[in-house]
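Some notes on the structure that comes next.
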Amino acid sequence: MKAPPSPQTSTLWNLMQWIIRPLPFLDECAKRYGDCFAIPFGNLPKLVFLSHPQAIETIFTANPNLFDSGRGNWILRSTLGDHSILLLDGERHQRQRQLLLPPFHGERMRAYGQLIVQITEEVTHQWQVGQPFAVRPHMQEISLQTILQAVFGLREGDRLQQLTQEIGTLLDYTTSRFGFATAFFPVLQQDFGAWSPGGRFIRLKERIDQLLYAEIHDRRAHPDPSRTDILSMLLSAKDAEGQSMTDQELRDELLTLLVAGHETTATAITWALYWIHRLPSVKEKLLAELDGLQPPFDPMTIARLPYLNAVCSETLRIYPVGFITELRITKAPIRVMDYEFGAETYLVPCIYLAHQREDVYPNPQQFKPERFLERQFSPFEYFPFGGSHRRCIGAAFALFEMKLVLATILSQYGLTLATSRPARPIRRGVTIAPDRVQMIVTGDRSTQKQALSTVMRQ
Ligand code: HEM
């Protein structure tokens, strides 16, 4: 049985490429080695990257007990803690998933629609005609407020404000290249005083913990059975032995949802706004679809719009925010296409490379929402939210939020990109984001036609 090809470059070189330029590095490896290759990074075990739909199918449909993923997420431990769903495996992982999934689906999710629209309007209200602004911070503010208010049930007040600020700082740090690199060089995480990077990170986490624990204690002290938010639900949850979650477990899970849920969605909306305004024909079709809606806008009608759905799908195809899934560490030998992998192999379903396959997506570098109207892709060809027992628990919620935020913004503002320079995909922590997207408000929707012609002239 053959072994997957591997680059001959040094493991440190590979690690630097992975940190600094992950997508070009993956493109180069795929061009050179094909559908399956193994890369050693620093002193870590080799990662085996897979992108062929048949290989993805084998992994996503295999018995989940064949893989561990939680221990492969060690990089997140210092931020999220030992009890985070992302760090768990086996039964404990399954139990946490069952607890966390329902609030992100169905009726419970739909109830957040109006709030998402309202938060979007409040945040974008600051936009001034003619003044360029960076898109990402605004989208981050929207997605953070959404998760804090809708999902955690935090109401206006000092704690909400402080958490918004501190979580923003935490993410700026963990998503910077330096912050990401510190995970591989533990000396950089040490506390050499309040001004050292490690020291600042530790103090920041302490401040966030204080806020989260204060909220947990308040809610324990004043239980309100009418509340349906996640924190209330987790507080009343009991395991098979009748035990409730400890404060530490609650803290880790809340922080996980905050971190996993808001950065990713903000990046996806930023990319979508970029593509919509980069390509006049996309914008034109989308506005025509939105203009066909009758106010007052109903969130579920917006969520079902076919072209808006295709734009969001293509946004998550071309540069998937999470560009690899969690690792699948084999616990027993497994055959994947022509390869036989032994136990303790670190398999990586590579979302980015799977979405760039010329045989599945002709001209993969082209942003073309119509692909998603012309055919249906299998969950092994298109999987921006991963798959199987580790599939993103916030997938439906994230798509719902993306669509509502985009529809709200586009139906109220005429926007144009501030420059004609193409946005570059760069690493932001464990995600891929555009390097910079700046926009200008050209007016309200009454001047929309003018805005469109400005974009077309670029
Ligand atoms: C556009 C936005 C998002 C993208 C692209 C995204 C993508 C992903 C991906 C690729 C995975 C790994 C799945 C796998 O290994 O098979 C994942 C896991 C996860 N996501 Fe998301 N996500 C998004 C939004 C959210 C939101 C809104 C939440 C919750 C508030 C969330 C919570 C999680 C959690 C808790 C996991 C771990 C699941 C597990 O290990 O069982 N994500 N996400």
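Each chain in the structure tokens gets a letter, A, B and so on, in the order shown; residues start at 1 in every chain, and ligands are counted from 1 in the order they appear.
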| Contacts of ligand 1, 7 Å or closer, only C-alpha atoms and all ligand atoms, given as an MDAnalysis selection string | chainID A and resid 85:86 93 97 147 256:258 260:262 264:265 268 316 320:327 384:395 397:399
| request: Mind the document's chain letters and residue numbers, and return as a ChimeraX atom specification the residues of stretch 262-301 of chain A that DSSP labels alpha helix (DSSP H). | output: /A:262-278,280-291,299-301
Take the residues from that selection and put them in a file with C-alpha atoms, as an mmCIF file, in the first residue's frame.
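Below you can see result-v5.cif, which holds the result:
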data_model
loop_
_atom_site.group_PDB
_atom_site.id
_atom_site.type_symbol
_atom_site.label_atom_id
_atom_site.label_comp_id
_atom_site.auth_asym_id
_atom_site.auth_seq_id
_atom_site.Cartn_x
_atom_site.Cartn_y
_atom_site.Cartn_z
ATOM 1 C CA HIS A 262 -18.985 35.491 15.943
ATOM 2 C CA GLU A 263 -15.624 35.819 14.242
ATOM 3 C CA THR A 264 -16.534 33.279 11.543
ATOM 4 C CA THR A 265 -19.900 34.824 10.730
ATOM 5 C CA ALA A 266 -18.456 38.361 10.649
ATOM 6 C CA THR A 267 -15.788 37.239 8.197
ATOM 7 C CA ALA A 268 -18.355 35.511 5.981
ATOM 8 C CA ILE A 269 -20.543 38.643 5.810
ATOM 9 C CA THR A 270 -17.505 40.817 5.076
ATOM 10 C CA TRP A 271 -16.521 38.531 2.187
ATOM 11 C CA ALA A 272 -20.098 38.543 0.877
ATOM 12 C CA LEU A 273 -20.277 42.357 0.906
ATOM 13 C CA TYR A 274 -16.961 42.453 -0.890
ATOM 14 C CA TRP A 275 -18.041 40.070 -3.678
ATOM 15 C CA ILE A 276 -21.442 41.689 -4.107
ATOM 16 C CA HIS A 277 -19.833 45.097 -4.622
ATOM 17 C CA ARG A 278 -16.917 43.798 -6.648
ATOM 18 C CA PRO A 280 -21.881 44.612 -10.587
ATOM 19 C CA SER A 281 -23.916 41.813 -12.180
ATOM 20 C CA VAL A 282 -24.136 39.974 -8.833
ATOM 21 C CA LYS A 283 -25.216 43.138 -7.070
ATOM 22 C CA GLU A 284 -27.785 43.913 -9.721
ATOM 23 C CA LYS A 285 -29.399 40.468 -9.505
ATOM 24 C CA LEU A 286 -29.420 40.500 -5.734
ATOM 25 C CA LEU A 287 -30.955 43.956 -5.501
ATOM 26 C CA ALA A 288 -33.623 42.958 -8.004
ATOM 27 C CA GLU A 289 -34.495 39.974 -5.821
ATOM 28 C CA LEU A 290 -34.584 42.085 -2.644
ATOM 29 C CA ASP A 291 -36.638 44.794 -4.346
ATOM 30 C CA PRO A 299 -36.953 37.004 8.198
ATOM 31 C CA MET A 300 -38.015 33.578 6.944
ATOM 32 C CA THR A 301 -38.964 34.908 3.506
#
Dump as JSON lines the rows for residues of stretch 52-118 of chain A within 10 Å of stretch 122-134 of chain A: closest atom pair and distance in Å with one decimal, only C-alpha atoms counted, ordered by chain and rising residue number.
{"residue": "A:Ile116", "atom": "CA", "partner": "A:Glu122", "partner_atom": "CA", "distance": 9.9}
{"residue": "A:Val117", "atom": "CA", "partner": "A:Glu122", "partner_atom": "CA", "distance": 8.7}
{"residue": "A:Gln118", "atom": "CA", "partner": "A:Glu122", "partner_atom": "CA", "distance": 6.2}
| remark: Among A:Tyr112, A:Tyr173, A:Phe341, A:Phe192, A:Arg428 is approached most closely, using only C-alpha atoms, by A:Tyr173
| Residue contacts of A:Leu170 (9 Å, only C-alpha atoms) excluding same-chain residues fewer than 2 positions away, as an MDAnalysis selection string | chainID A and resid 79 165:168 172:175 201 204:205 208
Please, which residues of stretch 28-59 of chain A, numbered as in this document, come out strand (DSSP E) from DSSP, as a PDB file with all heavy atoms, in the first residue's frame?
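Final output, saved to states-v2.pdb:
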ATOM      1  N   CYS A  36      -4.055  13.900  -2.330  1.00  0.00           N
ATOM      2  CA  CYS A  36      -3.718  13.482  -0.963  1.00  0.00           C
ATOM      3  C   CYS A  36      -2.217  13.672  -0.742  1.00  0.00           C
ATOM      4  O   CYS A  36      -1.409  13.202  -1.538  1.00  0.00           O
ATOM      5  CB  CYS A  36      -4.107  12.003  -0.795  1.00  0.00           C
ATOM      6  SG  CYS A  36      -3.597  11.318   0.785  1.00  0.00           S
ATOM      7  N   PHE A  37      -1.862  14.407   0.302  1.00  0.00           N
ATOM      8  CA  PHE A  37      -0.438  14.584   0.622  1.00  0.00           C
ATOM      9  C   PHE A  37      -0.280  14.740   2.124  1.00  0.00           C
ATOM     10  O   PHE A  37      -1.238  15.106   2.818  1.00  0.00           O
ATOM     11  CB  PHE A  37       0.160  15.782  -0.140  1.00  0.00           C
ATOM     12  CG  PHE A  37      -0.658  17.039  -0.057  1.00  0.00           C
ATOM     13  CD1 PHE A  37      -0.518  17.911   0.999  1.00  0.00           C
ATOM     14  CD2 PHE A  37      -1.595  17.336  -1.048  1.00  0.00           C
ATOM     15  CE1 PHE A  37      -1.281  19.066   1.078  1.00  0.00           C
ATOM     16  CE2 PHE A  37      -2.374  18.491  -0.965  1.00  0.00           C
ATOM     17  CZ  PHE A  37      -2.216  19.360   0.091  1.00  0.00           C
ATOM     18  N   ALA A  38       0.928  14.426   2.603  1.00  0.00           N
ATOM     19  CA  ALA A  38       1.186  14.465   4.050  1.00  0.00           C
ATOM     20  C   ALA A  38       2.248  15.523   4.327  1.00  0.00           C
ATOM     21  O   ALA A  38       3.284  15.548   3.663  1.00  0.00           O
ATOM     22  CB  ALA A  38       1.674  13.105   4.518  1.00  0.00           C
ATOM     23  N   ILE A  39       1.969  16.401   5.295  1.00  0.00           N
ATOM     24  CA  ILE A  39       2.935  17.469   5.586  1.00  0.00           C
ATOM     25  C   ILE A  39       3.365  17.414   7.046  1.00  0.00           C
ATOM     26  O   ILE A  39       2.505  17.459   7.938  1.00  0.00           O
ATOM     27  CB  ILE A  39       2.339  18.855   5.274  1.00  0.00           C
ATOM     28  CG1 ILE A  39       1.824  18.872   3.835  1.00  0.00           C
ATOM     29  CG2 ILE A  39       3.370  19.952   5.487  1.00  0.00           C
ATOM     30  CD1 ILE A  39       1.439  20.214   3.338  1.00  0.00           C
ATOM     31  N   LEU A  47       0.412  15.921   9.027  1.00  0.00           N
ATOM     32  CA  LEU A  47      -1.012  16.060   8.738  1.00  0.00           C
ATOM     33  C   LEU A  47      -1.255  15.552   7.320  1.00  0.00           C
ATOM     34  O   LEU A  47      -0.548  15.941   6.389  1.00  0.00           O
ATOM     35  CB  LEU A  47      -1.466  17.519   8.814  1.00  0.00           C
ATOM     36  CG  LEU A  47      -1.328  18.250  10.152  1.00  0.00           C
ATOM     37  CD1 LEU A  47      -2.051  19.598  10.092  1.00  0.00           C
ATOM     38  CD2 LEU A  47      -1.881  17.426  11.301  1.00  0.00           C
ATOM     39  N   VAL A  48      -2.253  14.672   7.160  1.00  0.00           N
ATOM     40  CA  VAL A  48      -2.570  14.124   5.838  1.00  0.00           C
ATOM     41  C   VAL A  48      -3.781  14.879   5.283  1.00  0.00           C
ATOM     42  O   VAL A  48      -4.889  14.763   5.821  1.00  0.00           O
ATOM     43  CB  VAL A  48      -2.885  12.617   5.924  1.00  0.00           C
ATOM     44  CG1 VAL A  48      -3.277  12.075   4.562  1.00  0.00           C
ATOM     45  CG2 VAL A  48      -1.697  11.854   6.487  1.00  0.00           C
ATOM     46  N   PHE A  49      -3.566  15.700   4.247  1.00  0.00           N
ATOM     47  CA  PHE A  49      -4.633  16.515   3.668  1.00  0.00           C
ATOM     48  C   PHE A  49      -5.376  15.735   2.590  1.00  0.00           C
ATOM     49  O   PHE A  49      -4.746  15.102   1.733  1.00  0.00           O
ATOM     50  CB  PHE A  49      -4.034  17.789   3.059  1.00  0.00           C
ATOM     51  CG  PHE A  49      -3.551  18.757   4.104  1.00  0.00           C
ATOM     52  CD1 PHE A  49      -2.301  18.588   4.684  1.00  0.00           C
ATOM     53  CD2 PHE A  49      -4.342  19.810   4.529  1.00  0.00           C
ATOM     54  CE1 PHE A  49      -1.854  19.464   5.667  1.00  0.00           C
ATOM     55  CE2 PHE A  49      -3.914  20.682   5.514  1.00  0.00           C
ATOM     56  CZ  PHE A  49      -2.665  20.515   6.082  1.00  0.00           C
ATOM     57  N   LEU A  50      -6.706  15.806   2.628  1.00  0.00           N
ATOM     58  CA  LEU A  50      -7.535  15.083   1.657  1.00  0.00           C
ATOM     59  C   LEU A  50      -8.568  16.038   1.060  1.00  0.00           C
ATOM     60  O   LEU A  50      -9.140  16.864   1.786  1.00  0.00           O
ATOM     61  CB  LEU A  50      -8.291  13.950   2.363  1.00  0.00           C
ATOM     62  CG  LEU A  50      -7.406  12.900   3.032  1.00  0.00           C
ATOM     63  CD1 LEU A  50      -8.108  12.288   4.218  1.00  0.00           C
ATOM     64  CD2 LEU A  50      -7.012  11.832   2.026  1.00  0.00           C
TER      65      LEU A  50
END
| query | atom CA of A:Arg203 to atom CA of A:Gln189: how many Å, to one decimal? | reply | 11.9 Å
Could you make a table, as a tab-separated table, of the residues of stretch 30-91 of chain A that have an atom within 7 Å of an atom of stretch 11-14 of chain A, each with its nearest atom pair and distance in Å to one decimal, counting only C-alpha atoms, in chain and number order?
residue	atom	partner	partner_atom	distance
A:Pro40	CA	A:Thr11	CA	5.5
A:Phe41	CA	A:Thr11	CA	4.8
A:Gly42	CA	A:Thr11	CA	4.7
Could you write out the selected residues, including all heavy atoms, as a CSV table (one decimal), in the first residue's frame?
chain,number,residue,atom,x,y,z
A,40,PRO,N,4.7,17.3,7.3
A,40,PRO,CA,5.1,17.4,8.7
A,40,PRO,C,5.3,18.9,9.0
A,40,PRO,O,5.9,19.7,8.3
A,40,PRO,CB,6.5,16.7,8.6
A,40,PRO,CG,6.9,16.7,7.2
A,40,PRO,CD,5.8,17.1,6.3
A,41,PHE,N,4.8,19.3,10.2
A,41,PHE,CA,4.9,20.7,10.6
A,41,PHE,C,5.7,20.7,11.9
A,41,PHE,O,5.2,20.2,12.9
A,41,PHE,CB,3.5,21.3,10.9
A,41,PHE,CG,2.7,21.5,9.7
A,41,PHE,CD1,1.6,20.7,9.4
A,41,PHE,CD2,3.0,22.6,8.8
A,41,PHE,CE1,0.8,20.9,8.3
A,41,PHE,CE2,2.2,22.8,7.7
A,41,PHE,CZ,1.1,22.0,7.4
A,42,GLY,N,6.8,21.4,12.0
A,42,GLY,CA,7.6,21.5,13.2
A,42,GLY,C,7.8,20.1,13.8
A,42,GLY,O,8.1,19.2,13.1
| note | Pairwise distance, atom CA of A:Leu353 with atom CA of A:Ile432, equals 13.2 Å
| Residues within 9 Å of stretch 52-55 of chain A, only C-alpha atoms, excluding chain neighbours under 6 positions, as a VMD selection string | chain A and resid 35 to 36 336 to 337 349 353 to 354 357 378 to 382
Include N, CA, C and O atoms and write out the residues we just selected as a PDB file, in the first residue's frame.
ATOM      1  N   ASP A  35      -4.407  14.810  -4.917  1.00  0.00           N
ATOM      2  CA  ASP A  35      -5.551  14.786  -3.998  1.00  0.00           C
ATOM      3  C   ASP A  35      -5.205  14.498  -2.551  1.00  0.00           C
ATOM      4  O   ASP A  35      -6.010  14.753  -1.657  1.00  0.00           O
ATOM      5  N   CYS A  36      -4.055  13.900  -2.330  1.00  0.00           N
ATOM      6  CA  CYS A  36      -3.718  13.482  -0.963  1.00  0.00           C
ATOM      7  C   CYS A  36      -2.217  13.672  -0.742  1.00  0.00           C
ATOM      8  O   CYS A  36      -1.409  13.202  -1.538  1.00  0.00           O
ATOM      9  N   VAL A 336      -8.698   4.697   2.893  1.00  0.00           N
ATOM     10  CA  VAL A 336      -9.305   5.854   2.228  1.00  0.00           C
ATOM     11  C   VAL A 336      -8.773   5.885   0.797  1.00  0.00           C
ATOM     12  O   VAL A 336      -7.584   6.120   0.582  1.00  0.00           O
ATOM     13  N   MET A 337      -9.625   5.610  -0.151  1.00  0.00           N
ATOM     14  CA  MET A 337      -9.245   5.464  -1.555  1.00  0.00           C
ATOM     15  C   MET A 337      -8.073   4.480  -1.661  1.00  0.00           C
ATOM     16  O   MET A 337      -8.190   3.371  -1.186  1.00  0.00           O
ATOM     17  N   PRO A 349      -9.664  16.662   6.370  1.00  0.00           N
ATOM     18  CA  PRO A 349     -10.501  17.008   5.216  1.00  0.00           C
ATOM     19  C   PRO A 349     -10.298  18.500   4.901  1.00  0.00           C
ATOM     20  O   PRO A 349     -10.544  19.358   5.753  1.00  0.00           O
ATOM     21  N   LEU A 353      -9.343  23.132  -0.511  1.00  0.00           N
ATOM     22  CA  LEU A 353      -8.936  22.416  -1.736  1.00  0.00           C
ATOM     23  C   LEU A 353     -10.123  21.694  -2.372  1.00  0.00           C
ATOM     24  O   LEU A 353     -10.232  21.636  -3.601  1.00  0.00           O
ATOM     25  N   ALA A 354     -11.022  21.146  -1.556  1.00  0.00           N
ATOM     26  CA  ALA A 354     -12.203  20.472  -2.122  1.00  0.00           C
ATOM     27  C   ALA A 354     -13.056  21.472  -2.901  1.00  0.00           C
ATOM     28  O   ALA A 354     -13.611  21.156  -3.953  1.00  0.00           O
ATOM     29  N   ARG A 357     -11.744  22.440  -6.612  1.00  0.00           N
ATOM     30  CA  ARG A 357     -11.522  21.398  -7.617  1.00  0.00           C
ATOM     31  C   ARG A 357     -12.157  21.794  -8.949  1.00  0.00           C
ATOM     32  O   ARG A 357     -13.354  22.025  -9.035  1.00  0.00           O
ATOM     33  N   SER A 378     -22.860  17.635  -3.579  1.00  0.00           N
ATOM     34  CA  SER A 378     -23.011  16.668  -2.487  1.00  0.00           C
ATOM     35  C   SER A 378     -22.304  17.212  -1.234  1.00  0.00           C
ATOM     36  O   SER A 378     -21.440  18.091  -1.338  1.00  0.00           O
ATOM     37  N   PRO A 379     -22.640  16.678  -0.042  1.00  0.00           N
ATOM     38  CA  PRO A 379     -21.970  17.156   1.182  1.00  0.00           C
ATOM     39  C   PRO A 379     -20.508  16.744   1.263  1.00  0.00           C
ATOM     40  O   PRO A 379     -19.828  17.066   2.240  1.00  0.00           O
ATOM     41  N   PHE A 380     -20.014  16.040   0.209  1.00  0.00           N
ATOM     42  CA  PHE A 380     -18.593  15.663   0.178  1.00  0.00           C
ATOM     43  C   PHE A 380     -17.845  16.524  -0.834  1.00  0.00           C
ATOM     44  O   PHE A 380     -16.627  16.496  -0.913  1.00  0.00           O
ATOM     45  N   GLU A 381     -18.623  17.283  -1.642  1.00  0.00           N
ATOM     46  CA  GLU A 381     -18.012  18.234  -2.583  1.00  0.00           C
ATOM     47  C   GLU A 381     -18.039  19.641  -1.998  1.00  0.00           C
ATOM     48  O   GLU A 381     -17.154  20.455  -2.248  1.00  0.00           O
ATOM     49  N   TYR A 382     -19.099  19.930  -1.240  1.00  0.00           N
ATOM     50  CA  TYR A 382     -19.294  21.261  -0.677  1.00  0.00           C
ATOM     51  C   TYR A 382     -19.572  21.106   0.817  1.00  0.00           C
ATOM     52  O   TYR A 382     -20.609  20.566   1.212  1.00  0.00           O
TER      53      TYR A 382
END
